[in-house]
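Undergrad: Coordinates in data23.txt, compact mmCIF, C-alpha atoms and all ligand atoms, are listed below.
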```
# COMPACT_ATOMS: atom_id res chain seq x y z
CA MET A 1 -54.82 -80.55 3.77
CA ILE A 2 -56.93 -77.61 4.84
CA VAL A 3 -56.56 -75.68 1.58
CA HIS A 4 -58.24 -78.47 -0.38
CA GLU A 5 -61.16 -78.47 2.03
CA ILE A 6 -61.57 -74.71 1.66
CA LEU A 7 -61.33 -75.06 -2.11
CA ARG A 8 -64.13 -77.59 -2.12
CA ASN A 9 -66.37 -76.41 0.69
CA ILE A 10 -66.15 -72.65 0.32
CA PHE A 11 -65.29 -72.07 -3.34
CA GLY A 12 -67.02 -75.19 -4.63
CA PHE A 13 -64.14 -76.33 -6.89
CA ASP A 14 -62.84 -79.90 -6.96
CA HIS A 15 -59.37 -79.04 -8.21
CA PHE A 16 -56.92 -76.22 -8.37
CA ARG A 17 -56.27 -74.96 -11.88
CA GLY A 18 -52.81 -74.67 -13.36
CA VAL A 19 -50.37 -73.02 -11.00
CA GLN A 20 -52.98 -72.00 -8.42
CA GLU A 21 -51.91 -74.72 -6.03
CA GLN A 22 -48.25 -73.78 -6.32
CA VAL A 23 -49.05 -70.13 -5.61
CA VAL A 24 -51.40 -70.92 -2.72
CA LYS A 25 -48.79 -73.19 -1.13
CA ARG A 26 -46.15 -70.50 -1.36
CA VAL A 27 -48.43 -68.01 0.37
CA MET A 28 -49.36 -70.58 3.02
CA ALA A 29 -45.65 -71.12 3.64
CA GLY A 30 -45.17 -67.38 4.11
CA LYS A 31 -43.17 -66.88 0.90
CA ASP A 32 -43.31 -63.83 -1.38
CA SER A 33 -44.38 -64.41 -5.00
CA LEU A 34 -45.15 -62.83 -8.32
CA ALA A 35 -47.77 -64.86 -10.20
CA VAL A 36 -48.04 -64.16 -13.93
CA MET A 37 -51.20 -65.87 -15.12
CA PRO A 38 -53.41 -65.06 -18.10
CA THR A 39 -56.80 -63.44 -17.68
CA GLY A 40 -59.36 -65.98 -16.53
CA ALA A 41 -56.73 -68.30 -15.07
CA GLY A 42 -58.08 -67.69 -11.57
CA LYS A 43 -55.71 -65.26 -9.91
CA SER A 44 -58.22 -64.09 -7.30
CA LEU A 45 -58.41 -67.52 -5.70
CA CYS A 46 -54.65 -67.40 -5.13
CA TYR A 47 -55.14 -64.74 -2.45
CA GLN A 48 -58.77 -65.34 -1.46
CA LEU A 49 -58.11 -68.89 -0.35
CA PRO A 50 -55.05 -68.18 1.82
CA ALA A 51 -56.98 -65.20 3.22
CA LEU A 52 -59.34 -67.76 4.76
CA ALA A 53 -56.70 -70.29 5.72
CA ARG A 54 -54.31 -67.86 7.38
CA GLU A 55 -54.86 -65.83 10.49
CA GLY A 56 -55.80 -62.20 10.10
CA THR A 57 -57.12 -60.06 7.28
CA ALA A 58 -55.75 -60.13 3.74
CA ILE A 59 -55.08 -56.71 2.25
CA VAL A 60 -55.73 -56.62 -1.48
CA ILE A 61 -54.50 -53.66 -3.49
CA SER A 62 -56.45 -53.27 -6.69
CA PRO A 63 -56.60 -50.37 -9.15
CA LEU A 64 -60.24 -50.46 -10.23
CA ILE A 65 -63.12 -49.77 -7.88
CA ALA A 66 -65.60 -51.56 -10.14
CA LEU A 67 -63.49 -54.72 -10.11
CA MET A 68 -63.19 -54.60 -6.33
CA HIS A 69 -66.93 -54.26 -5.92
CA ASP A 70 -67.55 -57.18 -8.31
CA GLN A 71 -65.19 -59.35 -6.32
CA ILE A 72 -66.70 -58.37 -3.00
CA ARG A 73 -70.16 -59.26 -4.26
CA ALA A 74 -68.88 -62.61 -5.52
CA THR A 75 -67.01 -63.47 -2.31
CA GLU A 76 -69.90 -62.41 -0.08
CA GLY A 77 -72.02 -64.91 -1.97
CA LEU A 78 -69.62 -67.57 -0.73
CA GLY A 79 -69.88 -66.38 2.84
CA ILE A 80 -66.48 -64.69 2.82
CA ARG A 81 -66.26 -61.46 4.78
CA ALA A 82 -64.96 -58.76 2.44
CA ALA A 83 -65.08 -54.98 2.20
CA SER A 84 -63.31 -52.16 0.41
CA LEU A 85 -61.82 -48.83 1.33
CA THR A 86 -62.02 -46.48 -1.63
CA SER A 87 -63.24 -42.99 -2.40
CA ALA A 88 -66.46 -44.57 -3.65
CA ASP A 89 -67.28 -46.27 -0.34
CA SER A 90 -69.47 -44.31 2.04
CA ASP A 91 -69.32 -46.92 4.82
CA ARG A 92 -65.63 -46.48 5.58
CA GLU A 93 -66.17 -46.12 9.33
CA THR A 94 -68.05 -49.43 9.46
CA THR A 95 -65.34 -51.13 7.43
CA ILE A 96 -62.61 -49.81 9.70
CA ALA A 97 -64.52 -51.04 12.76
CA ARG A 98 -64.94 -54.49 11.20
CA LEU A 99 -61.27 -54.54 10.34
CA ARG A 100 -60.25 -53.64 13.90
CA ASN A 101 -62.57 -56.28 15.32
CA GLY A 102 -61.07 -58.99 13.15
CA GLU A 103 -64.32 -59.39 11.24
CA LEU A 104 -62.85 -59.16 7.74
CA ASP A 105 -61.21 -61.89 5.69
CA LEU A 106 -60.43 -59.55 2.82
CA LEU A 107 -59.91 -55.82 2.70
CA TYR A 108 -59.70 -54.33 -0.79
CA VAL A 109 -57.88 -51.00 -0.90
CA ALA A 110 -57.23 -48.57 -3.70
CA PRO A 111 -53.51 -47.85 -4.17
CA GLU A 112 -53.84 -44.15 -3.37
CA ARG A 113 -55.22 -45.12 0.04
CA ALA A 114 -52.88 -48.04 0.70
CA THR A 115 -49.88 -45.76 0.31
CA THR A 116 -50.96 -43.25 2.96
CA GLU A 117 -49.43 -42.93 6.39
CA HIS A 118 -52.94 -43.05 7.77
CA PHE A 119 -53.59 -46.50 6.28
CA ARG A 120 -50.21 -47.79 7.42
CA ARG A 121 -51.03 -46.78 10.98
CA LEU A 122 -54.48 -48.30 10.72
CA VAL A 123 -53.16 -51.78 9.93
CA GLU A 124 -49.88 -51.52 11.84
CA GLN A 125 -50.96 -53.53 14.88
CA LEU A 126 -53.44 -55.81 13.17
CA PRO A 127 -52.88 -59.44 12.20
CA ILE A 128 -52.43 -59.44 8.42
CA ALA A 129 -52.81 -62.74 6.55
CA LEU A 130 -51.09 -61.56 3.37
CA ILE A 131 -50.78 -58.54 1.14
CA ALA A 132 -51.91 -59.08 -2.45
CA ILE A 133 -51.03 -56.60 -5.17
CA ASP A 134 -53.44 -57.27 -8.04
CA GLU A 135 -52.73 -55.94 -11.55
CA ALA A 136 -49.13 -55.63 -10.43
CA HIS A 137 -47.91 -54.48 -13.87
CA CYS A 138 -49.15 -51.06 -12.72
CA VAL A 139 -45.95 -50.94 -10.62
CA SER A 140 -43.76 -50.71 -13.67
CA GLU A 141 -43.17 -47.66 -15.79
CA TRP A 142 -42.29 -50.13 -18.47
CA GLY A 143 -45.68 -51.81 -18.16
CA HIS A 144 -48.65 -50.67 -20.19
CA ASP A 145 -50.69 -49.20 -17.37
CA PHE A 146 -48.31 -47.44 -15.02
CA ARG A 147 -49.79 -46.05 -11.82
CA PRO A 148 -47.40 -43.97 -9.75
CA ASP A 149 -49.15 -44.92 -6.48
CA TYR A 150 -48.14 -48.53 -7.02
CA ARG A 151 -44.54 -47.45 -6.72
CA GLN A 152 -45.14 -46.11 -3.21
CA LEU A 153 -46.31 -49.42 -1.73
CA ARG A 154 -42.96 -50.46 -0.37
CA PRO A 155 -43.28 -48.81 3.07
CA LEU A 156 -46.54 -50.68 3.70
CA LEU A 157 -45.01 -53.97 2.57
CA ASP A 158 -41.84 -53.45 4.55
CA ALA A 159 -43.80 -52.55 7.69
CA HIS A 160 -45.13 -56.11 7.44
CA GLY A 161 -41.90 -57.80 6.54
CA ASP A 162 -43.04 -61.22 7.75
CA VAL A 163 -46.36 -61.12 5.93
CA PRO A 164 -46.31 -62.90 2.55
CA ARG A 165 -46.69 -60.55 -0.39
CA LEU A 166 -48.29 -61.80 -3.56
CA ALA A 167 -48.16 -59.73 -6.74
CA LEU A 168 -50.43 -60.85 -9.58
CA THR A 169 -50.70 -59.83 -13.21
CA ALA A 170 -51.83 -61.18 -16.56
CA THR A 171 -49.56 -59.11 -18.69
CA ALA A 172 -45.94 -58.60 -17.92
CA ASP A 173 -43.05 -59.09 -20.29
CA ARG A 174 -39.60 -59.90 -18.94
CA ARG A 175 -38.65 -56.34 -18.23
CA THR A 176 -41.92 -55.52 -16.46
CA ARG A 177 -41.55 -58.64 -14.33
CA ALA A 178 -38.04 -57.77 -13.29
CA ASP A 179 -39.28 -54.31 -12.39
CA ILE A 180 -42.17 -55.68 -10.30
CA LEU A 181 -39.83 -58.01 -8.39
CA THR A 182 -37.41 -55.20 -7.58
CA GLN A 183 -40.04 -52.60 -6.74
CA LEU A 184 -42.00 -54.87 -4.43
CA GLY A 185 -38.99 -56.62 -2.92
CA ILE A 186 -39.93 -60.12 -4.11
CA PRO A 187 -37.05 -62.56 -4.65
CA GLU A 188 -36.41 -63.78 -8.21
CA ASP A 189 -37.25 -67.34 -7.32
CA GLY A 190 -40.70 -66.15 -6.27
CA LEU A 191 -41.75 -65.83 -9.91
CA VAL A 192 -44.49 -68.27 -10.95
CA VAL A 193 -45.54 -68.17 -14.61
CA THR A 194 -48.26 -70.22 -16.20
CA GLY A 195 -48.93 -71.05 -19.81
CA PHE A 196 -49.99 -68.17 -21.99
CA ASP A 197 -50.61 -70.28 -25.05
CA ARG A 198 -54.13 -70.31 -26.45
CA PRO A 199 -53.66 -73.17 -28.87
CA ASN A 200 -57.22 -73.02 -30.24
CA ILE A 201 -56.76 -69.45 -31.50
CA ARG A 202 -55.46 -69.17 -35.04
CA TYR A 203 -53.61 -65.90 -35.67
CA HIS A 204 -53.76 -64.07 -39.01
CA VAL A 205 -52.15 -60.73 -39.81
CA ARG A 206 -52.87 -58.89 -43.08
CA PRO A 207 -52.10 -55.49 -44.52
CA ARG A 208 -55.28 -53.44 -44.56
CA ASP A 209 -56.69 -52.85 -48.00
CA GLY A 210 -60.26 -51.61 -47.89
CA ILE A 211 -61.28 -52.82 -44.45
CA GLY A 212 -65.01 -52.89 -45.23
CA GLY A 213 -64.47 -55.33 -48.08
CA GLN A 214 -61.96 -57.38 -46.13
CA LEU A 215 -64.40 -57.78 -43.24
CA LYS A 216 -67.19 -58.71 -45.60
CA GLN A 217 -65.03 -61.42 -47.10
CA LEU A 218 -63.96 -62.65 -43.67
CA LEU A 219 -67.54 -62.80 -42.40
CA ALA A 220 -68.67 -64.78 -45.44
CA GLY A 221 -66.53 -67.68 -44.28
CA GLN A 222 -66.75 -67.16 -40.55
CA PRO A 223 -69.72 -68.38 -38.53
CA GLY A 224 -70.30 -67.52 -34.89
CA ALA A 225 -70.20 -64.36 -32.82
CA GLY A 226 -67.22 -62.05 -33.04
CA ILE A 227 -65.71 -58.74 -32.05
CA VAL A 228 -64.22 -56.22 -34.45
CA TYR A 229 -61.98 -53.70 -32.71
CA ALA A 230 -62.05 -50.32 -34.39
CA PRO A 231 -59.58 -47.49 -33.83
CA SER A 232 -62.30 -44.90 -33.10
CA ARG A 233 -65.95 -44.58 -32.08
CA ASP A 234 -66.81 -43.24 -35.47
CA LYS A 235 -65.14 -46.14 -37.21
CA ALA A 236 -66.87 -48.64 -34.92
CA GLU A 237 -70.26 -47.29 -35.97
CA LYS A 238 -69.34 -47.26 -39.66
CA LEU A 239 -68.06 -50.83 -39.55
CA ALA A 240 -71.19 -51.99 -37.71
CA GLU A 241 -73.37 -50.35 -40.36
CA GLY A 242 -71.36 -51.89 -43.16
CA MET A 243 -71.54 -55.39 -41.72
CA ALA A 244 -75.24 -55.10 -40.93
CA GLY A 245 -75.71 -53.86 -44.49
CA SER A 246 -74.23 -57.05 -45.84
CA GLY A 247 -76.63 -59.14 -43.81
CA ARG A 248 -74.78 -60.05 -40.64
CA PRO A 249 -76.31 -58.92 -37.36
CA ALA A 250 -73.90 -56.27 -36.10
CA LEU A 251 -73.96 -53.59 -33.42
CA ALA A 252 -71.60 -50.91 -32.20
CA TYR A 253 -70.18 -50.39 -28.74
CA HIS A 254 -68.16 -47.46 -27.46
CA ALA A 255 -68.00 -45.08 -24.53
CA GLY A 256 -69.84 -42.36 -26.47
CA LEU A 257 -73.08 -44.34 -26.60
CA ASP A 258 -75.85 -43.88 -24.12
CA PRO A 259 -75.32 -46.30 -21.18
CA ALA A 260 -78.72 -47.90 -21.80
CA VAL A 261 -77.81 -48.55 -25.44
CA ARG A 262 -74.45 -49.96 -24.45
CA LYS A 263 -76.07 -52.29 -21.97
CA ARG A 264 -78.66 -53.42 -24.51
CA ASN A 265 -76.06 -54.03 -27.24
CA GLN A 266 -73.83 -55.96 -24.89
CA ALA A 267 -76.73 -58.16 -23.74
CA ALA A 268 -77.72 -58.81 -27.37
CA PHE A 269 -74.16 -59.80 -28.20
CA VAL A 270 -73.74 -62.09 -25.21
CA SER A 271 -76.88 -64.06 -26.06
CA SER A 272 -76.24 -64.24 -29.82
CA GLU A 273 -74.46 -66.95 -31.76
CA GLU A 274 -73.85 -64.89 -34.89
CA MET A 275 -73.62 -61.25 -33.93
CA VAL A 276 -70.58 -59.10 -34.58
CA MET A 277 -69.80 -56.27 -32.20
CA ALA A 278 -67.84 -53.43 -33.75
CA SER A 279 -66.31 -51.64 -30.82
CA THR A 280 -63.54 -49.60 -29.38
CA VAL A 281 -61.34 -51.20 -26.73
CA ALA A 282 -63.99 -50.10 -24.22
CA PHE A 283 -65.68 -53.42 -24.98
CA GLY A 284 -64.57 -56.73 -23.63
CA MET A 285 -63.35 -56.35 -20.09
CA GLY A 286 -65.56 -58.34 -17.79
CA ILE A 287 -67.69 -59.76 -20.59
CA ASP A 288 -68.31 -63.40 -20.03
CA LYS A 289 -68.97 -65.01 -23.41
CA PRO A 290 -67.07 -68.26 -23.90
CA ASP A 291 -68.18 -68.84 -27.51
CA VAL A 292 -66.73 -65.75 -29.22
CA ARG A 293 -65.49 -67.36 -32.46
CA PHE A 294 -63.31 -64.55 -33.76
CA VAL A 295 -61.73 -61.23 -32.88
CA ALA A 296 -60.66 -58.90 -35.67
CA HIS A 297 -58.61 -55.74 -35.33
CA ALA A 298 -59.39 -53.12 -37.96
CA GLY A 299 -56.25 -51.23 -36.90
CA ILE A 300 -53.27 -51.95 -34.69
CA PRO A 301 -53.84 -52.52 -30.97
CA LYS A 302 -51.96 -50.45 -28.39
CA SER A 303 -49.30 -53.06 -27.77
CA ILE A 304 -48.56 -56.76 -27.96
CA GLU A 305 -49.99 -57.13 -24.46
CA ALA A 306 -53.20 -55.42 -25.54
CA TYR A 307 -53.33 -57.65 -28.64
CA TYR A 308 -52.99 -60.77 -26.52
CA GLN A 309 -55.70 -59.59 -24.11
CA GLU A 310 -58.10 -58.58 -26.86
CA THR A 311 -57.65 -61.67 -29.04
CA GLY A 312 -57.85 -63.75 -25.85
CA ARG A 313 -61.57 -62.98 -25.70
CA ALA A 314 -62.02 -65.45 -28.58
CA GLY A 315 -62.46 -69.16 -27.98
CA ARG A 316 -62.63 -69.24 -24.21
CA ASP A 317 -64.66 -72.45 -24.63
CA GLY A 318 -61.56 -74.12 -26.09
CA GLU A 319 -63.18 -74.60 -29.53
CA PRO A 320 -61.35 -73.32 -32.62
CA ALA A 321 -61.32 -69.52 -32.91
CA GLU A 322 -59.73 -66.95 -35.21
CA ALA A 323 -57.82 -63.74 -34.57
CA TRP A 324 -57.45 -61.35 -37.50
CA LEU A 325 -55.31 -58.25 -37.47
CA PHE A 326 -55.54 -55.74 -40.33
CA TRP A 327 -52.85 -53.13 -40.17
CA GLY A 328 -51.59 -50.19 -42.18
CA ALA A 329 -48.35 -48.24 -42.11
CA GLU A 330 -50.44 -45.18 -41.20
CA ASP A 331 -51.45 -46.88 -37.91
CA PHE A 332 -47.82 -46.91 -36.85
CA ALA A 333 -47.27 -43.37 -38.08
CA ARG A 334 -50.21 -42.17 -36.00
CA ALA A 335 -49.07 -44.10 -32.95
CA ARG A 336 -45.54 -42.67 -33.27
CA GLN A 337 -47.01 -39.21 -33.54
CA GLY A 338 -49.09 -39.88 -30.44
CA ILE A 339 -46.02 -40.87 -28.49
CA GLU A 340 -44.19 -37.67 -29.42
CA THR A 341 -47.12 -35.39 -28.60
CA GLU A 342 -49.06 -37.08 -25.82
CA VAL A 343 -46.63 -39.19 -23.80
CA GLU A 344 -44.52 -37.59 -21.12
CA PRO A 345 -40.84 -37.50 -22.15
CA ALA A 346 -39.65 -39.98 -19.50
CA ARG A 347 -41.90 -42.67 -20.92
CA GLN A 348 -41.44 -42.03 -24.62
CA GLN A 349 -38.52 -44.36 -25.17
CA GLY A 350 -40.32 -47.27 -23.54
CA GLU A 351 -43.43 -46.58 -25.62
CA ARG A 352 -41.37 -46.44 -28.81
CA GLU A 353 -39.85 -49.81 -28.02
CA ARG A 354 -43.27 -51.27 -27.32
CA LEU A 355 -44.52 -49.99 -30.64
CA ASN A 356 -41.49 -51.41 -32.38
CA ALA A 357 -42.17 -54.80 -30.82
CA LEU A 358 -45.66 -54.65 -32.26
CA ALA A 359 -44.28 -53.63 -35.67
CA ALA A 360 -41.93 -56.60 -35.56
CA PHE A 361 -44.88 -58.86 -34.78
CA VAL A 362 -47.05 -57.69 -37.68
CA GLU A 363 -44.15 -57.76 -40.13
CA ALA A 364 -42.82 -61.14 -39.05
CA ALA A 365 -42.54 -63.97 -41.53
CA THR A 366 -42.15 -66.54 -38.73
CA CYS A 367 -44.58 -68.18 -36.32
CA ARG A 368 -46.87 -65.56 -34.74
CA ARG A 369 -47.56 -67.67 -31.67
CA ALA A 370 -43.87 -68.15 -31.00
CA ILE A 371 -43.34 -64.38 -31.08
CA LEU A 372 -46.27 -63.76 -28.74
CA LEU A 373 -45.21 -66.43 -26.27
CA ARG A 374 -41.59 -65.33 -26.26
CA HIS A 375 -42.84 -61.84 -25.50
CA PHE A 376 -44.44 -63.26 -22.37
CA GLY A 377 -41.27 -65.01 -21.33
CA GLU A 378 -42.04 -68.51 -22.57
CA ASP A 379 -39.83 -70.70 -24.67
CA PRO A 380 -42.17 -72.07 -27.34
CA PRO A 381 -41.47 -74.39 -30.26
CA ALA A 382 -40.42 -72.56 -33.44
CA GLN A 383 -43.64 -73.45 -35.28
CA CYS A 384 -47.19 -73.78 -33.97
CA GLY A 385 -48.89 -75.00 -37.13
CA ASN A 386 -51.89 -72.80 -36.35
CA CYS A 387 -51.07 -69.28 -37.55
CA ASP A 388 -50.91 -67.70 -40.99
CA ASN A 389 -47.13 -67.90 -41.23
CA CYS A 390 -47.01 -71.58 -40.25
CA LEU A 391 -49.93 -72.55 -42.48
CA GLU A 392 -48.83 -70.55 -45.51
CA PRO A 393 -45.16 -69.72 -45.13
CA PRO A 394 -44.69 -66.31 -46.74
CA ALA A 395 -41.95 -67.42 -49.13
CA THR A 396 -42.38 -64.45 -51.40
CA ILE A 397 -42.83 -61.73 -48.83
CA ASP A 398 -41.10 -58.57 -49.91
CA ALA A 399 -39.51 -57.40 -46.69
CA THR A 400 -37.99 -54.34 -48.33
CA GLU A 401 -41.44 -53.26 -49.46
CA VAL A 402 -42.80 -53.53 -45.91
CA ALA A 403 -39.80 -51.66 -44.55
CA ARG A 404 -40.18 -48.96 -47.17
CA LYS A 405 -43.84 -48.49 -46.26
CA LEU A 406 -43.03 -48.20 -42.58
CA LEU A 407 -40.13 -45.80 -43.07
CA SER A 408 -41.93 -43.57 -45.51
CA THR A 409 -44.65 -42.63 -43.03
P1 LIG B 1 -58.20 -63.75 -13.28
O1 LIG B 1 -58.19 -62.71 -12.19
O2 LIG B 1 -56.95 -64.55 -13.34
O3 LIG B 1 -58.54 -63.15 -14.62
P2 LIG B 1 -60.46 -64.78 -11.85
O4 LIG B 1 -59.81 -64.87 -10.53
O5 LIG B 1 -61.41 -63.67 -12.08
O6 LIG B 1 -59.36 -64.78 -12.99
O7 LIG B 1 -61.15 -66.20 -12.12
C1 LIG B 1 -61.76 -66.49 -13.36
C2 LIG B 1 -62.85 -67.53 -13.18
O8 LIG B 1 -62.29 -68.81 -12.90
C3 LIG B 1 -63.81 -67.23 -12.06
O9 LIG B 1 -65.11 -67.42 -12.52
C4 LIG B 1 -63.44 -68.25 -11.00
O10 LIG B 1 -64.55 -68.57 -10.20
C5 LIG B 1 -62.98 -69.42 -11.83
N1 LIG B 1 -62.04 -70.32 -11.12
C6 LIG B 1 -60.98 -69.94 -10.38
N2 LIG B 1 -60.33 -71.02 -9.88
C7 LIG B 1 -61.00 -72.11 -10.31
C8 LIG B 1 -60.83 -73.53 -10.13
N3 LIG B 1 -59.83 -74.02 -9.42
N4 LIG B 1 -61.72 -74.35 -10.73
C9 LIG B 1 -62.73 -73.84 -11.47
N5 LIG B 1 -62.95 -72.54 -11.67
C10 LIG B 1 -62.11 -71.66 -11.12
MG MG B 2 -58.23 -60.70 -11.74
```
As structure tokens - that is how I would like this structure written.
Ligand code: ADP
Ligand code: MG

TA:
Amino acid sequence: MIVHEILRNIFGFDHFRGVQEQVVKRVMAGKDSLAVMPTGAGKSLCYQLPALAREGTAIVISPLIALMHDQIRATEGLGIRAASLTSADSDRETTIARLRNGELDLLYVAPERATTEHFRRLVEQLPIALIAIDEAHCVSEWGHDFRPDYRQLRPLLDAHGDVPRLALTATADRRTRADILTQLGIPEDGLVVTGFDRPNIRYHVRPRDGIGGQLKQLLAGQPGAGIVYAPSRDKAEKLAEGMAGSGRPALAYHAGLDPAVRKRNQAAFVSSEEMVMASTVAFGMGIDKPDVRFVAHAGIPKSIEAYYQETGRAGRDGEPAEAWLFWGAEDFARARQGIETEVEPARQQGERERLNALAAFVEAATCRRAILLRHFGEDPPAQCGNCDNCLEPPATIDATEVARKLLST
């Protein structure tokens, strides 16, 4: 079959991974799909390969210009003809000419451009191989990264009713998925979900009680490189200092640092087998380090999805890895406050529910992995045997005490 030849000869892979083949076959057959696959599972191939195998240009809607440019560089290296239309591209006229001449396999477009009348007219008469909507959780107000432009894509999609549409995301709970399907007009049976389990990651959740000391204790028994997520820039620097002070190589990373320093710290971390990076959530995306042995959160993440993403940076090599979450009732109080003061009213209820889901996760006395996987729509066994609650069942947990702490904030 032609797709296997393209996989081997163009992409240089012997096999499809996970559900890639299923998704690619659906697109080849002209069917609409929503693929929910974890980060690193290889979503890009699901549209890049059919873009080559089908006639016409594939339109790829993607929210981040930097990610588009990375992908274009990578695909050009494989001899694939790709370009982007975004506010950051100065060669738009050339790109449009290439598009019109049928000289592009892939056209990456920012959502604010893809939704314009002008863009719809541009591609109206052209052969389109497929329309991919990457990071499709941005469609949903319920999702964690809502982008209003994503909600205006329907006219473009409907103008190409026969062209397969492929929505892709790594993080969508049931409600977000349902929303994506409805918004983009994809039938329910077009949903393809792959395993979210990261069996080599051991999850631990602890009340915070002097984080500096807790980290010191953790590091004493924890070899390998790791990331400590801090709730603020200031805290990231303090934690880095503290860890370095107790003898472990440690650096800080956050958006307030000079770009040259950030780059240097990141490079030092990537090449180290023992360094700890204390950072804000600015660190991690696009960092390719398979041997991160642990990820610790010094405060609560933004959501369960964010927690899964951030802890997922540990153990990409498949070797045992640890995820530690240290939380305090004040984290939830601050987050609640933030919702009331910073989130627009229409989204507050959703945000409250997301925060409550996170609270339920940290307070749970049952298998952490099962809660995470159920959140992502899977139906896992009741016990994983590789999280704190499975390994040391909290028989004596005082639930009323936890509840009192949460309510009193
Ligand atoms: P995602 O978008 O799902 O996070 P990417 O599309 O960026 O993931 O792919 C992650 C990595 O996996 C890339 O380096 C890609 O080259 C690699 N990859 C994708 N498909 C395969 C495959 N079938 N075999 C081996 N490596 C693959
Ligand atoms: Mg991707």

Undergrad: What is the CA of Asp145 (chain A) to CA of Thr86 (chain A) distance in Å?

TA: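 Answer for the CA of Asp145 (chain A) to CA of Thr86 (chain A) separation: 19.6 Å.
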
Undergrad: Between A:Ala41, A:Ile287, A:Ile128, A:Ala29, which is the closest to ligand LIG 1 (chain B) once you count only C-alpha atoms and all ligand atoms?

TA: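 So, comparing all the options, the nearest one is A:Ala41.
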
Undergrad: Using all atoms listed in the file, find each residue of chain A with at least one atom at most 8 Å away from an atom of ligand LIG 1 (chain B); report its shortest atom-to-atom pair and that distance in Å (one decimal), sort the rows by chain and rising residue number, and return the result as a Markdown table.

TA:
```
| residue | atom | partner | partner_atom | distance |
| --- | --- | --- | --- | --- |
| A:Leu7 | CA | B:LIG1 | N3 | 7.5 |
| A:Phe11 | CA | B:LIG1 | O10 | 7.7 |
| A:Phe13 | CA | B:LIG1 | N4 | 5.0 |
| A:Asp14 | CA | B:LIG1 | N4 | 6.8 |
| A:His15 | CA | B:LIG1 | N3 | 5.2 |
| A:Phe16 | CA | B:LIG1 | N3 | 3.8 |
| A:Arg17 | CA | B:LIG1 | N3 | 4.4 |
| A:Gln20 | CA | B:LIG1 | N3 | 7.2 |
| A:Met37 | CA | B:LIG1 | O2 | 6.2 |
| A:Pro38 | CA | B:LIG1 | O2 | 6.0 |
| A:Thr39 | CA | B:LIG1 | O3 | 3.5 |
| A:Gly40 | CA | B:LIG1 | O3 | 3.5 |
| A:Ala41 | CA | B:LIG1 | O2 | 4.1 |
| A:Gly42 | CA | B:LIG1 | O7 | 3.5 |
| A:Lys43 | CA | B:LIG1 | O2 | 3.7 |
| A:Ser44 | CA | B:LIG1 | O4 | 3.7 |
| A:Leu45 | CA | B:LIG1 | O4 | 5.7 |
| A:Cys46 | CA | B:LIG1 | O4 | 7.9 |
| A:Thr169 | CA | B:LIG1 | O2 | 7.8 |
| A:Ala170 | CA | B:LIG1 | O2 | 6.9 |
```

Undergrad: Taking all atoms listed in the file into account, name the residue in A:Met275, A:Val60, A:Ile10, A:Ala360 that is nearest to ligand MG 2 (chain B).

TA: A:Val60

Undergrad: At a cut-off of 9 Å, using all atoms listed in the file, what residues contact region 76-81 of chain A? Leave out same-chain residues fewer than 6 positions from it and give the result as a PyMOL selection string.

TA: chain A and resi 10-12+48+52+103-107

Undergrad: Emit the selected residues as a short mmCIF file (atom, residue, chain, number, x, y, z; two decimals), keeping the file's coordinate frame, including C-alpha atoms.

TA:
```cif
data_model
loop_
_atom_site.label_atom_id
_atom_site.label_comp_id
_atom_site.auth_asym_id
_atom_site.auth_seq_id
_atom_site.Cartn_x
_atom_site.Cartn_y
_atom_site.Cartn_z
CA ILE A 10 -66.15 -72.65 0.32
CA PHE A 11 -65.29 -72.07 -3.34
CA GLY A 12 -67.02 -75.19 -4.63
CA GLN A 48 -58.77 -65.34 -1.46
CA LEU A 52 -59.34 -67.76 4.76
CA GLU A 103 -64.32 -59.39 11.24
CA LEU A 104 -62.85 -59.16 7.74
CA ASP A 105 -61.21 -61.89 5.69
CA LEU A 106 -60.43 -59.55 2.82
CA LEU A 107 -59.91 -55.82 2.70
#
```

Undergrad: Can you measure CA of Arg198 (chain A) to CA of Phe146 (chain A) for me? One decimal in Å is fine.

TA: 26.2 Å

Undergrad: Pick from A:Thr116, A:Asp149, A:Ser33, A:Arg165: nearest to Ala51 (chain A), with all atoms listed in the file counted?

TA: A:Arg165

Undergrad: Restricting the calculation to all atoms listed in the file, which member of A:Ile300, A:Gly190, A:Met68, A:Asp32 is positioned closest to ligand MG 2 (chain B)?

TA: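 Smallest distance to ligand MG 2 (chain B) is found for A:Met68.
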
Undergrad: So, counting all atoms listed in the file, which residue among A:Ala240, A:Val3, A:Leu166, A:Val36 is closest to Leu215 (chain A)?

TA: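 With all atoms listed in the file as the atom set, the closest residue is A:Ala240.
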
Undergrad: Using the structure just given, write a file holding C-alpha atoms for region 334-347 of chain A, as a compact mmCIF listing (two decimals), in the first residue's frame.

TA:
```txt
# COMPACT_ATOMS: atom_id res chain seq x y z
CA ARG A 334 -5.42 31.63 45.23
CA ALA A 335 -6.65 29.85 42.13
CA ARG A 336 -10.29 30.41 43.16
CA GLN A 337 -9.54 34.05 43.73
CA GLY A 338 -7.93 34.23 40.30
CA ILE A 339 -11.03 32.78 38.68
CA GLU A 340 -13.28 35.37 40.32
CA THR A 341 -11.07 38.33 39.44
CA GLU A 342 -9.34 37.44 36.19
CA VAL A 343 -11.60 35.08 34.25
CA GLU A 344 -14.42 36.45 32.17
CA PRO A 345 -17.81 35.59 33.72
CA ALA A 346 -18.91 33.22 30.94
CA ARG A 347 -15.93 30.96 31.60
```
